[in-house]
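Notes for the one structure printed next.
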Amino acid sequence: MDQDTLESWDRVNLMELNQAKDPPPQPIPPGRTPRFRRLSPSWRRSRPAFPSAPPAPTGSSRSGAALWREGSVTAARRRVTSAPRLAMEREDEWLLQSLSQYEDLHVFELQTPTRLLEWAPGNRVFVAGYGQAGGNEILQLLPPPPMREVVTKSLFPEREFKVECGGFSNRPIYSLKCVPGASLLVTSGPPDSSLQLWKVSAEDSNVIKPVSAIPTENGHPWARIATTAARPQWVLHGSSLDSVHVTEVESRKSIYMAAPRSSEELSGLAFLDCNTLLLCCAKGQLYLGDVRQPQAPLEAVSVPWVLGDERWCMGVRQTAPGSASSSHPIACLSNRGHLTLTDVRKPLEPLAAAKCSIPSPSSNAEFLCVSWAPALEGFLAISGFDGTVHVYDTGSWASSAGPAEPTFVHKGHTFGEEDSNGDPPLVTAHTWHPQKPRTLLSAASDGSLSIWDWVQPGGTCG
């Protein structure tokens, strides 16, 4: 592809982006109902308006039609950039590679960054701001049609997220969960560990309204939250071992309170089934609890790794409803990249272990995340070390904790703007699509939001 053609495309795309650019958002006066702006792509190369596909780049064995197939990749360059030439060349190289690495790729820009991504019924996604100032948005987004479970054909296909409804929180939102079977959300965030309950309004309204709060007595800054379809009205919450509770959401009735053990910080918690709880401490220790035994001591689970100065998080692979299997493989990830797979029924016999290929250890593990693919057997993803998301196939792992290379690396957030300290963007959250096997959603500290369907190495797009 010659330079004149590329420059022509850039001029056309710049004109399109300038025409589609939204006006700058206006501040919302306190007490006013918010009017939500449309999410816009932070960068995107539209398919050029040629009557036929452009010629393939020089030296490419693939045809131009294969590179620019209809609706395949929403890719391209930044709207405005001041990056050095070398960084721009790296970005251009990645953009070209993305044509064969992604079945679909959409990148957007949130007004403020989010540290949570929560799927809701109907393939909706919730995001929320975590800034320290008041007025953090909670938004319910509808992804682009190619990323939904059902795709409708259209002459002018939509390629953007749509804001369906939203609201404002006076506190930062660090955790958010949908209440199964109800149009309710539970959130948590500083300055304390109380929970806030929100009502997602009916279709004729676009406002998410605060309903009530569930107070707590400890002085921790925020609480981890988990819900389960097996107990639709229950929420598991806590920030430390001595603050673990199960509460019935609407009645605010206390169902379970763990017996005081220590004030060790929690990094994660989950329902294994309708009665069993799994807790993960930041230092790596796992505990089990049973809601049928209120005030019973938590059961410490022997773990096959050394408890030291590393910080850990966990990801639980949930079995499908009605599944006969009672196994819940647990993935535990440390800020130094150690990843161990275990089963709480046989904790001293790790299923597998590996040393992940990370650029450097995460200093504070604030955004450390590991998650299992719900529709792709044996695959998981990790993030929180830099601006990338790594996908691993654990099927060939042994228990020797040897080095492991990722099957796929999403680098779409690495080309964002640096923060006020000169640090590059850091991935703050990622999650797998509930039905699509290779589709993930990820967000970063610069406000970028990506939804991407990666191609198995050695496979083909289309």
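Lettering and numbering for the structure tokens are positional, with chains as A, B, ... in the shown order, residues counted from 1 in each chain, and ligands counted from 1 in the shown order.
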
Once you count only C-alpha atoms, what closest atom pair and distance in Å to one decimal does each residue of range 234-294 of chain A within 12 Å of range 191-213 of chain A have, with rows by chain and rising residue number, as a Markdown table?
| residue | atom | partner | partner_atom | distance |
| --- | --- | --- | --- | --- |
| A:Val235 | CA | A:Leu195 | CA | 9.8 |
| A:Leu236 | CA | A:Leu195 | CA | 10.7 |
| A:His237 | CA | A:Leu195 | CA | 8.5 |
| A:Gly238 | CA | A:Ser193 | CA | 7.5 |
| A:Ser239 | CA | A:Ser193 | CA | 7.2 |
| A:Ser240 | CA | A:Ser193 | CA | 10.3 |
| A:Ser243 | CA | A:Ser193 | CA | 9.4 |
| A:Val244 | CA | A:Ser193 | CA | 11.0 |
| A:His245 | CA | A:Ser194 | CA | 11.4 |
| A:Val246 | CA | A:Leu195 | CA | 11.9 |
| A:Thr247 | CA | A:Leu195 | CA | 10.3 |
| A:Glu248 | CA | A:Leu197 | CA | 11.6 |
| A:Val249 | CA | A:Leu197 | CA | 7.9 |
| A:Glu250 | CA | A:Leu197 | CA | 8.5 |
| A:Ser251 | CA | A:Ser212 | CA | 10.5 |
| A:Arg252 | CA | A:Ala213 | CA | 8.7 |

Selection to disk with all heavy atoms, as a short mmCIF file (atom, residue, chain, number, x, y, z; two decimals), in the first residue's frame:
data_model
loop_
_atom_site.label_atom_id
_atom_site.label_comp_id
_atom_site.auth_asym_id
_atom_site.auth_seq_id
_atom_site.Cartn_x
_atom_site.Cartn_y
_atom_site.Cartn_z
N VAL A 235 -26.36 -11.05 49.44
CA VAL A 235 -25.10 -10.44 49.03
C VAL A 235 -24.04 -10.77 50.08
O VAL A 235 -24.27 -10.62 51.29
CB VAL A 235 -25.24 -8.91 48.83
CG1 VAL A 235 -25.73 -8.21 50.09
CG2 VAL A 235 -23.90 -8.31 48.39
N LEU A 236 -22.91 -11.28 49.62
CA LEU A 236 -21.76 -11.57 50.48
C LEU A 236 -20.83 -10.37 50.42
O LEU A 236 -20.48 -9.90 49.34
CB LEU A 236 -21.05 -12.83 49.98
CG LEU A 236 -19.67 -13.17 50.57
CD1 LEU A 236 -19.76 -13.44 52.06
CD2 LEU A 236 -19.07 -14.37 49.82
N HIS A 237 -20.46 -9.84 51.58
CA HIS A 237 -19.62 -8.63 51.57
C HIS A 237 -18.67 -8.63 52.76
O HIS A 237 -18.94 -9.23 53.80
CB HIS A 237 -20.49 -7.37 51.56
CG HIS A 237 -21.47 -7.27 52.70
ND1 HIS A 237 -21.27 -6.45 53.80
CD2 HIS A 237 -22.67 -7.87 52.91
CE1 HIS A 237 -22.30 -6.56 54.61
NE2 HIS A 237 -23.17 -7.42 54.10
N GLY A 238 -17.57 -7.93 52.59
CA GLY A 238 -16.58 -7.81 53.65
C GLY A 238 -15.29 -7.24 53.12
O GLY A 238 -14.99 -7.35 51.92
N SER A 239 -14.52 -6.65 53.99
CA SER A 239 -13.21 -6.09 53.62
C SER A 239 -12.08 -6.76 54.37
O SER A 239 -10.92 -6.64 53.99
CB SER A 239 -13.19 -4.58 53.90
OG SER A 239 -13.63 -4.30 55.22
N SER A 240 -12.39 -7.50 55.44
CA SER A 240 -11.40 -8.23 56.22
C SER A 240 -12.06 -9.48 56.79
O SER A 240 -13.29 -9.63 56.74
CB SER A 240 -10.85 -7.36 57.35
OG SER A 240 -11.89 -6.98 58.24
N SER A 243 -14.97 -9.07 59.16
CA SER A 243 -16.12 -8.25 58.74
C SER A 243 -16.94 -8.92 57.64
O SER A 243 -17.65 -8.26 56.89
CB SER A 243 -15.63 -6.88 58.23
OG SER A 243 -14.86 -7.02 57.04
N VAL A 244 -16.87 -10.26 57.55
CA VAL A 244 -17.58 -10.99 56.49
C VAL A 244 -19.03 -11.20 56.90
O VAL A 244 -19.31 -11.75 57.97
CB VAL A 244 -16.89 -12.34 56.20
CG1 VAL A 244 -17.70 -13.13 55.17
CG2 VAL A 244 -15.47 -12.12 55.71
N HIS A 245 -19.94 -10.76 56.04
CA HIS A 245 -21.38 -10.90 56.30
C HIS A 245 -22.08 -11.40 55.04
O HIS A 245 -21.63 -11.16 53.92
CB HIS A 245 -22.01 -9.56 56.69
CG HIS A 245 -21.60 -9.04 58.03
ND1 HIS A 245 -20.36 -8.46 58.25
CD2 HIS A 245 -22.25 -9.01 59.21
CE1 HIS A 245 -20.27 -8.09 59.52
NE2 HIS A 245 -21.41 -8.41 60.13
N VAL A 246 -23.22 -12.04 55.25
CA VAL A 246 -24.19 -12.30 54.18
C VAL A 246 -25.47 -11.60 54.59
O VAL A 246 -25.99 -11.82 55.70
CB VAL A 246 -24.44 -13.80 53.98
CG1 VAL A 246 -25.55 -14.00 52.94
CG2 VAL A 246 -23.17 -14.51 53.53
N THR A 247 -25.98 -10.73 53.72
CA THR A 247 -27.14 -9.90 54.05
C THR A 247 -28.20 -10.08 52.98
O THR A 247 -27.89 -10.16 51.78
CB THR A 247 -26.74 -8.41 54.15
OG1 THR A 247 -25.68 -8.27 55.08
CG2 THR A 247 -27.92 -7.56 54.56
N GLU A 248 -29.46 -10.15 53.40
CA GLU A 248 -30.57 -10.15 52.45
C GLU A 248 -30.80 -8.72 51.99
O GLU A 248 -31.00 -7.81 52.82
CB GLU A 248 -31.83 -10.70 53.11
CG GLU A 248 -32.94 -11.02 52.11
CD GLU A 248 -34.11 -11.73 52.77
OE1 GLU A 248 -34.77 -11.06 53.60
OE2 GLU A 248 -34.34 -12.92 52.49
N VAL A 249 -30.75 -8.50 50.70
CA VAL A 249 -30.63 -7.15 50.16
C VAL A 249 -31.80 -6.25 50.55
O VAL A 249 -31.62 -5.20 51.18
CB VAL A 249 -30.48 -7.20 48.62
CG1 VAL A 249 -30.52 -5.80 48.04
CG2 VAL A 249 -29.17 -7.88 48.25
N GLU A 250 -33.01 -6.62 50.17
CA GLU A 250 -34.13 -5.70 50.33
C GLU A 250 -34.56 -5.54 51.78
O GLU A 250 -34.92 -4.44 52.22
CB GLU A 250 -35.30 -6.15 49.46
CG GLU A 250 -34.98 -6.07 47.96
CD GLU A 250 -36.23 -6.18 47.09
OE1 GLU A 250 -36.94 -5.16 46.94
OE2 GLU A 250 -36.48 -7.27 46.59
N SER A 251 -34.53 -6.62 52.56
CA SER A 251 -34.93 -6.52 53.97
C SER A 251 -33.78 -6.06 54.86
O SER A 251 -34.00 -5.68 56.02
CB SER A 251 -35.44 -7.88 54.46
OG SER A 251 -34.37 -8.83 54.50
N ARG A 252 -32.54 -6.13 54.33
CA ARG A 252 -31.31 -5.79 55.07
C ARG A 252 -31.13 -6.69 56.30
O ARG A 252 -30.45 -6.33 57.26
CB ARG A 252 -31.30 -4.31 55.48
CG ARG A 252 -31.24 -3.38 54.29
CD ARG A 252 -31.01 -1.95 54.70
NE ARG A 252 -32.18 -1.36 55.32
CZ ARG A 252 -32.24 -0.11 55.77
NH1 ARG A 252 -31.18 0.67 55.67
NH2 ARG A 252 -33.33 0.34 56.32
#

Task: Surrounding residues of His433 in chain A excluding itself and chain neighbours under 2 positions, 9 Å, only C-alpha atoms, as a PyMOL selection string - done: chain A and resi 119+123+147-148+373-375+431+435-441

Take the residues that were just selected and, keeping C-alpha atoms, output them as a CSV table (one decimal), in the first residue's frame.
chain,number,residue,atom,x,y,z
A,119,TRP,CA,-22.3,-8.0,32.9
A,123,ASN,CA,-25.8,-8.6,27.4
A,147,MET,CA,-20.4,-8.3,20.5
A,148,ARG,CA,-23.9,-9.3,21.5
A,373,ALA,CA,-13.4,-18.1,30.6
A,374,PRO,CA,-17.0,-19.2,31.1
A,375,ALA,CA,-17.3,-20.7,27.6
A,431,THR,CA,-14.1,-9.7,32.1
A,435,GLN,CA,-21.5,-16.6,26.0
A,436,LYS,CA,-18.9,-15.8,23.4
A,437,PRO,CA,-15.9,-18.0,24.0
A,438,ARG,CA,-13.1,-15.6,22.9
A,439,THR,CA,-14.6,-12.2,23.6
A,440,LEU,CA,-13.4,-10.0,26.5
A,441,LEU,CA,-14.1,-6.5,27.8

TODO: To one decimal in Å, tell me the separation between CA of Cys165 in chain A and CA of Leu116 in chain A.
DONE: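 Going from CA of Cys165 in chain A over to CA of Leu116 in chain A covers 16.8 Å.
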
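You can rank A:Ala429, A:Ala182, A:Met88, A:Met314 by their closest distance to Gly447 in chain A using only C-alpha atoms, and at the top of that list sits A:Ala429.
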
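Comparing A:Leu449, A:Val316, A:Leu272, A:Val127 by their smallest distance to Leu380 in chain A, the closest is A:Val316 (using only C-alpha atoms).
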
Name the residues in contact with Ser363 in chain A at a cut-off of 9 Å, using only C-alpha atoms, excluding same-chain residues fewer than 4 positions from it; report them as a short mmCIF file (atom, residue, chain, number, x, y, z; two decimals) with C-alpha atoms, in the first residue's frame.
data_model
loop_
_atom_site.label_atom_id
_atom_site.label_comp_id
_atom_site.auth_asym_id
_atom_site.auth_seq_id
_atom_site.Cartn_x
_atom_site.Cartn_y
_atom_site.Cartn_z
CA ASN A 335 1.69 -9.70 42.09
CA ARG A 336 4.94 -11.40 41.02
CA PHE A 385 0.53 -5.48 35.73
#

Open item on the list: Neighbouring residues of range 139-144 of chain A were defined as those with any atom within 6 Å, considering only C-alpha atoms; residues of the same chain fewer than 3 positions away were excluded. Please report them as a list in words.
Closed with: Arg124, Val125, Phe126, Val127, Met147, Arg159, Glu160, Phe161, Lys162, Val163, Glu164, Cys165 and Gly166 of chain A

Task: Among the residues A:Thr394, A:Gln111, A:Gln456, A:Ser442, the one that comes closest to Glu377 in chain A [using only C-alpha atoms] - done: A:Thr394

- [ ] Write down as a ChimeraX atom specification the residues belonging to range 230-446 of chain A that are assigned strand (DSSP E) by DSSP computed on the backbone.
- [x] /A:231-238,245-248,254-257,266-271,276-281,286-290,299-301,312-316,329-334,338-343,352-356,369-372,379-383,389-393,402-404,408-410,427-432,439-444

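Closest to Cys313 in chain A among A:Phe367, A:Trp372, A:Tyr392, A:Phe108 is A:Phe367, based on only C-alpha atoms.
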
Task: Interatomic distance (Å, one decimal) between CA of Gly387 in chain A and CA of Ile451 in chain A - done: 14.5 Å

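Closest to Gly129 in chain A among A:Arg171, A:His220, A:His328, A:His106 is A:Arg171, based on only C-alpha atoms.
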